[in-house]
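Shown next: target.csv, given as CSV, N, CA and C atoms.
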```csv
chain,number,residue,atom,x,y,z
A,1,GLN,N,-10.5,-16.0,7.1
A,1,GLN,CA,-10.2,-14.6,7.6
A,1,GLN,C,-8.8,-14.3,7.2
A,2,VAL,N,-8.6,-13.1,6.8
A,2,VAL,CA,-7.2,-12.6,6.4
A,2,VAL,C,-6.8,-11.5,7.4
A,3,GLN,N,-5.6,-11.6,7.8
A,3,GLN,CA,-5.0,-10.5,8.7
A,3,GLN,C,-3.9,-9.9,8.0
A,4,LEU,N,-3.8,-8.6,8.1
A,4,LEU,CA,-2.7,-7.8,7.5
A,4,LEU,C,-2.1,-7.0,8.6
A,5,VAL,N,-0.8,-7.1,8.8
A,5,VAL,CA,-0.2,-6.4,9.9
A,5,VAL,C,1.0,-5.6,9.3
A,6,GLU,N,0.9,-4.3,9.4
A,6,GLU,CA,2.0,-3.4,8.9
A,6,GLU,C,3.0,-3.1,9.9
A,7,SER,N,4.2,-2.8,9.4
A,7,SER,CA,5.3,-2.4,10.3
A,7,SER,C,6.3,-1.5,9.4
A,8,GLY,N,7.2,-0.8,10.1
A,8,GLY,CA,8.2,-0.1,9.4
A,8,GLY,C,8.0,1.4,9.3
A,9,GLY,N,6.8,1.9,9.8
A,9,GLY,CA,6.6,3.4,9.8
A,9,GLY,C,7.6,4.1,10.7
A,10,GLY,N,7.6,5.4,10.6
A,10,GLY,CA,8.4,6.1,11.5
A,10,GLY,C,8.5,7.6,11.1
A,11,SER,N,9.5,8.3,11.7
A,11,SER,CA,9.7,9.7,11.4
A,11,SER,C,11.1,9.9,10.7
A,12,VAL,N,11.1,10.5,9.6
A,12,VAL,CA,12.3,10.7,8.9
A,12,VAL,C,12.4,12.2,8.4
A,13,GLN,N,13.5,12.5,7.9
A,13,GLN,CA,13.7,13.8,7.3
A,13,GLN,C,13.4,13.7,5.8
A,14,ALA,N,13.0,14.8,5.2
A,14,ALA,CA,12.8,14.9,3.7
A,14,ALA,C,14.0,14.4,3.0
A,15,GLY,N,13.8,13.6,2.0
A,15,GLY,CA,14.9,13.0,1.2
A,15,GLY,C,15.4,11.7,1.6
A,16,GLU,N,14.9,11.3,2.8
A,16,GLU,CA,15.3,9.9,3.3
A,16,GLU,C,14.4,8.9,2.8
A,17,SER,N,14.7,7.6,3.2
A,17,SER,CA,13.9,6.5,2.8
A,17,SER,C,13.3,5.7,3.9
A,18,LEU,N,12.3,4.9,3.6
A,18,LEU,CA,11.7,4.0,4.6
A,18,LEU,C,11.1,2.8,3.8
A,19,THR,N,11.1,1.7,4.4
A,19,THR,CA,10.4,0.5,3.8
A,19,THR,C,9.4,0.0,4.7
A,20,LEU,N,8.1,0.0,4.2
A,20,LEU,CA,7.0,-0.6,5.0
A,20,LEU,C,6.9,-2.0,4.6
A,21,SER,N,6.5,-2.8,5.6
A,21,SER,CA,6.2,-4.2,5.4
A,21,SER,C,4.8,-4.5,5.9
A,22,CYS,N,4.2,-5.5,5.2
A,22,CYS,CA,2.9,-6.0,5.6
A,22,CYS,C,2.9,-7.5,5.6
A,23,THR,N,2.7,-8.1,6.8
A,23,THR,CA,2.6,-9.5,6.9
A,23,THR,C,1.2,-10.0,6.7
A,24,VAL,N,1.1,-10.9,5.8
A,24,VAL,CA,-0.2,-11.4,5.3
A,24,VAL,C,-0.5,-12.8,5.9
A,25,SER,N,-1.6,-13.1,6.6
A,25,SER,CA,-1.9,-14.4,7.1
A,25,SER,C,-3.3,-14.7,6.7
A,26,GLY,N,-3.6,-16.0,6.6
A,26,GLY,CA,-5.0,-16.4,6.2
A,26,GLY,C,-5.0,-16.8,4.7
A,27,TYR,N,-6.1,-17.1,4.2
A,27,TYR,CA,-6.2,-17.6,2.8
A,27,TYR,C,-6.4,-16.4,1.9
A,28,ILE,N,-5.4,-16.3,1.0
A,28,ILE,CA,-5.5,-15.3,-0.1
A,28,ILE,C,-5.8,-16.0,-1.4
A,29,TYR,N,-6.9,-15.6,-2.0
A,29,TYR,CA,-7.3,-16.2,-3.3
A,29,TYR,C,-6.1,-16.1,-4.3
A,30,SER,N,-6.1,-17.1,-5.2
A,30,SER,CA,-5.0,-17.0,-6.2
A,30,SER,C,-5.1,-15.7,-7.0
A,31,ARG,N,-6.3,-15.2,-7.2
A,31,ARG,CA,-6.5,-14.0,-7.9
A,31,ARG,C,-6.8,-12.9,-6.9
A,32,ASN,N,-6.0,-11.9,-6.8
A,32,ASN,CA,-6.1,-10.8,-5.8
A,32,ASN,C,-5.3,-9.6,-6.2
A,33,CYS,N,-5.6,-8.5,-5.5
A,33,CYS,CA,-4.8,-7.3,-5.6
A,33,CYS,C,-4.4,-6.9,-4.2
A,34,MET,N,-3.1,-6.6,-4.0
A,34,MET,CA,-2.6,-6.2,-2.7
A,34,MET,C,-1.9,-4.9,-2.9
A,35,GLY,N,-1.9,-4.1,-1.8
A,35,GLY,CA,-1.2,-2.8,-1.9
A,35,GLY,C,-1.3,-1.9,-0.7
A,36,TRP,N,-1.1,-0.7,-1.0
A,36,TRP,CA,-1.0,0.3,0.0
A,36,TRP,C,-1.9,1.5,-0.3
A,37,PHE,N,-2.5,2.0,0.8
A,37,PHE,CA,-3.3,3.3,0.7
A,37,PHE,C,-2.7,4.2,1.8
A,38,ARG,N,-3.0,5.4,1.8
A,38,ARG,CA,-2.6,6.3,2.8
A,38,ARG,C,-3.7,7.3,3.1
A,39,GLN,N,-3.7,7.9,4.3
A,39,GLN,CA,-4.8,8.8,4.7
A,39,GLN,C,-4.2,9.8,5.7
A,40,THR,N,-4.6,11.1,5.5
A,40,THR,CA,-4.3,12.1,6.5
A,40,THR,C,-5.6,12.6,7.0
A,41,PRO,N,-5.6,13.2,8.2
A,41,PRO,CA,-6.8,13.7,8.9
A,41,PRO,C,-7.6,14.6,8.0
A,42,GLY,N,-8.9,14.3,7.9
A,42,GLY,CA,-9.8,15.2,7.1
A,42,GLY,C,-9.8,14.9,5.6
A,43,LYS,N,-9.0,13.9,5.2
A,43,LYS,CA,-9.0,13.6,3.7
A,43,LYS,C,-9.4,12.1,3.5
A,44,GLU,N,-9.8,11.9,2.3
A,44,GLU,CA,-10.1,10.5,2.0
A,44,GLU,C,-8.9,9.6,1.8
A,45,ARG,N,-9.1,8.4,2.0
A,45,ARG,CA,-8.0,7.4,1.9
A,45,ARG,C,-7.7,7.3,0.4
A,46,GLU,N,-6.4,7.4,0.1
A,46,GLU,CA,-6.0,7.4,-1.4
A,46,GLU,C,-5.1,6.2,-1.6
A,47,GLY,N,-5.2,5.7,-2.8
A,47,GLY,CA,-4.3,4.6,-3.2
A,47,GLY,C,-2.9,5.1,-3.5
A,48,VAL,N,-1.9,4.3,-3.1
A,48,VAL,CA,-0.5,4.6,-3.3
A,48,VAL,C,0.1,3.7,-4.4
A,49,GLU,N,0.0,2.4,-4.1
A,49,GLU,CA,0.5,1.5,-5.1
A,49,GLU,C,-0.1,0.1,-4.9
A,50,ILE,N,-0.5,-0.5,-6.0
A,50,ILE,CA,-1.2,-1.8,-5.9
A,50,ILE,C,-0.4,-2.8,-6.8
A,51,ILE,N,-0.4,-4.0,-6.4
A,51,ILE,CA,0.1,-5.1,-7.3
A,51,ILE,C,-0.9,-6.2,-7.4
A,52,ALA,N,-1.2,-6.6,-8.6
A,52,ALA,CA,-2.2,-7.7,-8.8
A,52,ALA,C,-1.5,-9.0,-8.9
A,53,SER,N,-2.2,-10.1,-8.7
A,53,SER,CA,-1.6,-11.4,-8.7
A,53,SER,C,-1.0,-11.8,-10.0
A,54,ASP,N,-1.4,-11.1,-11.1
A,54,ASP,CA,-0.7,-11.3,-12.4
A,54,ASP,C,0.6,-10.5,-12.6
A,55,GLY,N,0.9,-9.8,-11.5
A,55,GLY,CA,2.2,-9.0,-11.5
A,55,GLY,C,2.1,-7.6,-12.0
A,56,THR,N,0.9,-7.2,-12.5
A,56,THR,CA,0.8,-5.8,-12.9
A,56,THR,C,0.7,-4.9,-11.7
A,57,THR,N,1.2,-3.7,-11.9
A,57,THR,CA,1.1,-2.7,-10.8
A,57,THR,C,0.5,-1.4,-11.3
A,58,SER,N,0.0,-0.7,-10.3
A,58,SER,CA,-0.5,0.7,-10.6
A,58,SER,C,-0.1,1.6,-9.4
A,59,TYR,N,0.2,2.8,-9.7
A,59,TYR,CA,0.6,3.7,-8.6
A,59,TYR,C,0.1,5.1,-8.8
A,60,ALA,N,0.1,5.8,-7.7
A,60,ALA,CA,-0.4,7.2,-7.8
A,60,ALA,C,0.7,8.0,-8.5
A,61,ASP,N,0.3,9.0,-9.2
A,61,ASP,CA,1.2,9.9,-9.9
A,61,ASP,C,2.2,10.6,-8.9
A,62,SER,N,1.7,10.9,-7.7
A,62,SER,CA,2.6,11.6,-6.7
A,62,SER,C,3.7,10.7,-6.2
A,63,VAL,N,3.7,9.4,-6.5
A,63,VAL,CA,4.8,8.6,-6.0
A,63,VAL,C,5.6,8.0,-7.1
A,64,GLU,N,5.3,8.4,-8.3
A,64,GLU,CA,6.0,7.8,-9.5
A,64,GLU,C,7.5,8.0,-9.3
A,65,GLY,N,8.3,7.0,-9.5
A,65,GLY,CA,9.8,7.1,-9.5
A,65,GLY,C,10.3,7.1,-8.1
A,66,ARG,N,9.5,7.1,-7.1
A,66,ARG,CA,10.0,7.2,-5.7
A,66,ARG,C,9.6,6.0,-4.8
A,67,PHE,N,8.4,5.4,-5.1
A,67,PHE,CA,7.9,4.3,-4.3
A,67,PHE,C,7.9,3.0,-5.2
A,68,THR,N,8.2,1.9,-4.6
A,68,THR,CA,8.2,0.6,-5.3
A,68,THR,C,7.5,-0.5,-4.4
A,69,ILE,N,6.6,-1.2,-5.0
A,69,ILE,CA,5.9,-2.2,-4.3
A,69,ILE,C,6.5,-3.6,-4.7
A,70,SER,N,6.5,-4.5,-3.7
A,70,SER,CA,7.0,-5.8,-4.1
A,70,SER,C,6.5,-6.8,-3.1
A,71,GLN,N,6.6,-8.1,-3.4
A,71,GLN,CA,6.2,-9.2,-2.5
A,71,GLN,C,7.3,-10.2,-2.4
A,72,ASP,N,7.4,-11.0,-1.3
A,72,ASP,CA,8.3,-12.1,-1.2
A,72,ASP,C,7.7,-13.2,-2.1
A,73,ASN,N,8.6,-14.2,-2.3
A,73,ASN,CA,8.1,-15.3,-3.2
A,73,ASN,C,6.9,-16.1,-2.7
A,74,ALA,N,6.8,-16.2,-1.4
A,74,ALA,CA,5.7,-16.9,-0.8
A,74,ALA,C,4.4,-16.1,-0.8
A,75,LYS,N,4.5,-14.8,-1.1
A,75,LYS,CA,3.4,-13.9,-1.1
A,75,LYS,C,2.8,-13.7,0.3
A,76,THR,N,3.7,-13.9,1.3
A,76,THR,CA,3.3,-13.7,2.7
A,76,THR,C,3.7,-12.3,3.3
A,77,THR,N,4.5,-11.6,2.5
A,77,THR,CA,4.9,-10.3,3.0
A,77,THR,C,4.9,-9.3,1.8
A,78,LEU,N,4.3,-8.2,2.0
A,78,LEU,CA,4.2,-7.1,1.0
A,78,LEU,C,5.0,-6.0,1.5
A,79,TYR,N,5.8,-5.4,0.5
A,79,TYR,CA,6.7,-4.3,0.9
A,79,TYR,C,6.3,-3.0,0.1
A,80,LEU,N,6.6,-1.9,0.7
A,80,LEU,CA,6.6,-0.6,0.0
A,80,LEU,C,7.9,0.1,0.3
A,81,GLN,N,8.7,0.2,-0.7
A,81,GLN,CA,10.0,0.9,-0.5
A,81,GLN,C,9.7,2.3,-1.0
A,82,MET,N,10.1,3.2,-0.1
A,82,MET,CA,9.8,4.7,-0.3
A,82,MET,C,11.1,5.4,-0.3
A,83,TYR,N,11.4,6.1,-1.3
A,83,TYR,CA,12.7,6.8,-1.5
A,83,TYR,C,12.4,8.3,-1.6
A,84,ASN,N,13.3,9.1,-1.3
A,84,ASN,CA,13.2,10.6,-1.5
A,84,ASN,C,11.9,11.1,-0.9
A,85,LEU,N,11.6,10.7,0.3
A,85,LEU,CA,10.4,11.1,0.9
A,85,LEU,C,10.2,12.6,1.0
A,86,LYS,N,9.0,13.0,0.9
A,86,LYS,CA,8.6,14.4,1.0
A,86,LYS,C,7.6,14.7,2.1
A,87,PRO,N,7.6,15.9,2.7
A,87,PRO,CA,6.6,16.2,3.8
A,87,PRO,C,5.2,15.8,3.4
A,88,GLU,N,4.8,15.9,2.1
A,88,GLU,CA,3.5,15.6,1.7
A,88,GLU,C,3.2,14.1,1.7
A,89,ASP,N,4.2,13.3,1.9
A,89,ASP,CA,4.0,11.8,2.1
A,89,ASP,C,3.6,11.5,3.5
A,90,THR,N,3.6,12.4,4.4
A,90,THR,CA,3.2,12.2,5.7
A,90,THR,C,1.8,11.7,5.8
A,91,ALA,N,1.5,10.6,6.4
A,91,ALA,CA,0.2,10.0,6.4
A,91,ALA,C,0.2,8.7,7.2
A,92,MET,N,-1.0,8.2,7.5
A,92,MET,CA,-1.1,6.8,8.0
A,92,MET,C,-1.2,5.9,6.8
A,93,TYR,N,-0.3,4.9,6.7
A,93,TYR,CA,-0.3,4.0,5.6
A,93,TYR,C,-0.9,2.7,5.9
A,94,TYR,N,-1.8,2.2,5.1
A,94,TYR,CA,-2.6,1.0,5.3
A,94,TYR,C,-2.3,0.0,4.2
A,95,CYS,N,-2.1,-1.2,4.7
A,95,CYS,CA,-2.0,-2.4,3.8
A,95,CYS,C,-3.4,-2.8,3.5
A,96,ALA,N,-3.6,-3.3,2.2
A,96,ALA,CA,-4.9,-3.6,1.8
A,96,ALA,C,-4.9,-4.8,0.9
A,97,ALA,N,-6.0,-5.5,0.9
A,97,ALA,CA,-6.2,-6.7,0.0
A,97,ALA,C,-7.6,-6.7,-0.6
A,98,ARG,N,-7.6,-7.0,-1.9
A,98,ARG,CA,-8.9,-7.3,-2.5
A,98,ARG,C,-8.8,-8.7,-3.0
A,99,LEU,N,-9.7,-9.5,-2.6
A,99,LEU,CA,-9.7,-10.9,-3.0
A,99,LEU,C,-10.6,-11.1,-4.2
A,100,GLY,N,-10.1,-12.0,-5.1
A,100,GLY,CA,-10.9,-12.3,-6.3
A,100,GLY,C,-10.4,-11.5,-7.5
A,101,SER,N,-11.2,-11.6,-8.5
A,101,SER,CA,-10.8,-10.9,-9.8
A,101,SER,C,-10.7,-9.4,-9.6
A,102,CYS,N,-9.6,-8.8,-10.1
A,102,CYS,CA,-9.4,-7.4,-9.9
A,102,CYS,C,-8.4,-6.9,-10.8
A,103,SER,N,-8.3,-5.6,-11.0
A,103,SER,CA,-7.2,-4.9,-11.8
A,103,SER,C,-6.5,-4.0,-10.8
A,104,ALA,N,-5.2,-3.9,-11.0
A,104,ALA,CA,-4.4,-3.0,-10.1
A,104,ALA,C,-4.9,-1.6,-10.2
A,105,TYR,N,-5.2,-1.1,-11.4
A,105,TYR,CA,-5.6,0.3,-11.5
A,105,TYR,C,-7.0,0.6,-10.8
A,106,VAL,N,-7.9,-0.3,-11.1
A,106,VAL,CA,-9.3,0.0,-10.5
A,106,VAL,C,-9.2,-0.1,-9.0
A,107,THR,N,-8.4,-1.1,-8.5
A,107,THR,CA,-8.2,-1.2,-7.0
A,107,THR,C,-7.6,0.0,-6.4
A,108,LEU,N,-6.6,0.6,-7.1
A,108,LEU,CA,-5.9,1.8,-6.7
A,108,LEU,C,-6.9,2.9,-6.5
A,109,MET,N,-7.8,3.0,-7.5
A,109,MET,CA,-8.7,4.2,-7.5
A,109,MET,C,-10.0,4.0,-6.7
A,110,ARG,N,-10.3,2.8,-6.3
A,110,ARG,CA,-11.6,2.5,-5.7
A,110,ARG,C,-11.3,1.8,-4.3
A,111,SER,N,-11.1,2.5,-3.3
A,111,SER,CA,-10.8,1.9,-2.0
A,111,SER,C,-12.0,1.1,-1.4
A,112,GLU,N,-13.2,1.4,-1.9
A,112,GLU,CA,-14.4,0.7,-1.4
A,112,GLU,C,-14.4,-0.8,-1.9
A,113,ARG,N,-13.5,-1.1,-2.8
A,113,ARG,CA,-13.4,-2.5,-3.3
A,113,ARG,C,-12.5,-3.3,-2.5
A,114,ILE,N,-11.8,-2.7,-1.5
A,114,ILE,CA,-10.9,-3.5,-0.7
A,114,ILE,C,-11.6,-4.4,0.3
A,115,THR,N,-11.1,-5.6,0.4
A,115,THR,CA,-11.8,-6.6,1.2
A,115,THR,C,-11.3,-6.6,2.7
A,116,TYR,N,-10.0,-6.4,2.8
A,116,TYR,CA,-9.3,-6.4,4.1
A,116,TYR,C,-8.4,-5.2,4.2
A,117,TRP,N,-8.3,-4.7,5.4
A,117,TRP,CA,-7.4,-3.6,5.8
A,117,TRP,C,-6.5,-4.0,6.9
A,118,GLY,N,-5.3,-3.5,6.9
A,118,GLY,CA,-4.5,-3.5,8.1
A,118,GLY,C,-4.8,-2.4,9.1
A,119,GLN,N,-4.1,-2.3,10.2
A,119,GLN,CA,-4.4,-1.3,11.2
A,119,GLN,C,-3.7,0.0,10.9
A,120,GLY,N,-2.8,0.0,10.0
A,120,GLY,CA,-2.1,1.2,9.7
A,120,GLY,C,-0.7,1.4,10.4
A,121,THR,N,0.2,2.1,9.7
A,121,THR,CA,1.4,2.5,10.3
A,121,THR,C,1.7,3.9,9.9
A,122,GLN,N,2.2,4.7,10.9
A,122,GLN,CA,2.3,6.2,10.6
A,122,GLN,C,3.7,6.5,10.0
A,123,VAL,N,3.7,7.3,9.0
A,123,VAL,CA,4.9,7.8,8.3
A,123,VAL,C,4.8,9.3,8.5
A,124,THR,N,5.9,9.9,9.1
A,124,THR,CA,6.0,11.3,9.2
A,124,THR,C,7.3,11.8,8.6
A,125,VAL,N,7.2,12.8,7.7
A,125,VAL,CA,8.3,13.3,7.0
A,125,VAL,C,8.4,14.8,7.3
A,126,SER,N,9.5,15.2,7.9
A,126,SER,CA,9.7,16.6,8.2
A,126,SER,C,10.7,17.2,7.3
A,127,SER,N,10.5,18.5,7.1
A,127,SER,CA,11.4,19.2,6.1
A,127,SER,C,12.6,19.8,6.8
```
Conversion result in structure tokens:
Amino acid sequence: QVQLVESGGGSVQAGESLTLSCTVSGYIYSRNCMGWFRQTPGKEREGVEIIASDGTTSYADSVEGRFTISQDNAKTTLYLQMYNLKPEDTAMYYCAARLGSCSAYVTLMRSERITYWGQGTQVTVSS
């Protein structure tokens, strides 16, 4: 069983920064994709940024140049550094893991392929 626990959400002003963290416990296959999704009420969950175990990443066009995904060396913590936040970034952010063979891009686009989800952390950006 894998557990994902997010932290770091909060309320900020437009233009400010936040870093989300996701603590990973349990057995993660050597081949996997880890990343972040977000969701607002009434909308589908959308991929934000994904990193595959081979180091490749994929991100949504809306966060290009502003968000960066990373992991610690032990691969027990996943981060999402968010810069220049905009009101449209307001959402519940979820840590996600797909175990087994995967590509970062397909995982970003297909939330149904996620194996495990965290409980979410709220990010609110005011103008």
Please identify all polymer residues within 5 Å of stretch 104-120 of chain A, counting only N, CA and C atoms, omitting same-chain residues fewer than 6 positions from it, and present them as a PyMOL selection string.
chain A and resi 4+47+58+93-98
State, in Å with one decimal place, the distance from atom C of A:Phe37 to atom CA of A:Thr90.
10.7 Å
Atom CA of A:Ser126 and atom CA of A:Cys22, how far apart in Å?
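Distance reported for this atom pair: 23.7 Å.
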Selection: 8 Å around stretch 65-80 of chain A, all atoms listed in the file, excl. self and same-chain fewer than 5 positions, as a short mmCIF file (atom, residue, chain, number, x, y, z; two decimals) with N, CA and C atoms, keeping the file's coordinate frame:
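Ended up saving to result_24.cif:
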```
data_model
loop_
_atom_site.label_atom_id
_atom_site.label_comp_id
_atom_site.auth_asym_id
_atom_site.auth_seq_id
_atom_site.Cartn_x
_atom_site.Cartn_y
_atom_site.Cartn_z
N LEU A 18 12.30 4.90 3.60
CA LEU A 18 11.70 4.00 4.60
C LEU A 18 11.10 2.80 3.80
N THR A 19 11.10 1.70 4.40
CA THR A 19 10.40 0.50 3.80
C THR A 19 9.40 0.00 4.70
N LEU A 20 8.10 0.00 4.20
CA LEU A 20 7.00 -0.60 5.00
C LEU A 20 6.90 -2.00 4.60
N SER A 21 6.50 -2.80 5.60
CA SER A 21 6.20 -4.20 5.40
C SER A 21 4.80 -4.50 5.90
N CYS A 22 4.20 -5.50 5.20
CA CYS A 22 2.90 -6.00 5.60
C CYS A 22 2.90 -7.50 5.60
N THR A 23 2.70 -8.10 6.80
CA THR A 23 2.60 -9.50 6.90
C THR A 23 1.20 -10.00 6.70
N VAL A 24 1.10 -10.90 5.80
CA VAL A 24 -0.20 -11.40 5.30
C VAL A 24 -0.50 -12.80 5.90
N SER A 25 -1.60 -13.10 6.60
CA SER A 25 -1.90 -14.40 7.10
C SER A 25 -3.30 -14.70 6.70
N MET A 34 -3.10 -6.60 -4.00
CA MET A 34 -2.60 -6.20 -2.70
C MET A 34 -1.90 -4.90 -2.90
N GLY A 35 -1.90 -4.10 -1.80
CA GLY A 35 -1.20 -2.80 -1.90
C GLY A 35 -1.30 -1.90 -0.70
N TRP A 36 -1.10 -0.70 -1.00
CA TRP A 36 -1.00 0.30 0.00
C TRP A 36 -1.90 1.50 -0.30
N VAL A 48 -1.90 4.30 -3.10
CA VAL A 48 -0.50 4.60 -3.30
C VAL A 48 0.10 3.70 -4.40
N GLU A 49 0.00 2.40 -4.10
CA GLU A 49 0.50 1.50 -5.10
C GLU A 49 -0.10 0.10 -4.90
N ILE A 50 -0.50 -0.50 -6.00
CA ILE A 50 -1.20 -1.80 -5.90
C ILE A 50 -0.40 -2.80 -6.80
N ILE A 51 -0.40 -4.00 -6.40
CA ILE A 51 0.10 -5.10 -7.30
C ILE A 51 -0.90 -6.20 -7.40
N ALA A 60 0.10 5.80 -7.70
CA ALA A 60 -0.40 7.20 -7.80
C ALA A 60 0.70 8.00 -8.50
N LEU A 85 11.60 10.70 0.30
CA LEU A 85 10.40 11.10 0.90
C LEU A 85 10.20 12.60 1.00
#
```
Which residue gives the smallest distance to A:Gln81 among A:Ser17, A:Ser53, A:Gln1, A:Ser11, with only C-alpha atoms counted?
A:Ser17
Counting only N, CA and C atoms, which of A:Gly26, A:Ala91, A:Arg45, A:Ser103 gets nearest to A:Val2?
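Going through A:Gly26, A:Ala91, A:Arg45, A:Ser103 one by one, the smallest distance to A:Val2 is for A:Gly26.
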Restricting the calculation to only N, CA and C atoms: of A:Glu16, A:Tyr29, A:Arg38, A:Tyr59, which residue gets closest to A:Met82?
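Closest candidate: A:Glu16.
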List every residue of chain A that DSSP, applied to the backbone, labels as alpha helix (DSSP H), and write the result as a ChimeraX atom specification.
/A:104-109
When you draw a straight line from atom CA of A:Pro87 to atom CA of A:Glu64, how long is it in Å?
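Taking atom CA of A:Pro87 and atom CA of A:Glu64, their separation equals 15.7 Å.
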Tell me which of A:Ala14, A:Val123, A:Cys33, A:Ala52 sits closest to A:Gly100, counting only N, CA and C atoms.
A:Cys33
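Of the listed residues A:Tyr83, A:Ser127, A:Gln122, A:Thr40, the one whose atoms come nearest to A:Gly10 is A:Gln122, with distances taken using only N, CA and C atoms.
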A:Pro41 proximity check over A:Cys102, A:Val125, A:Val12, A:Met92, using only C-alpha atoms: winner is A:Met92
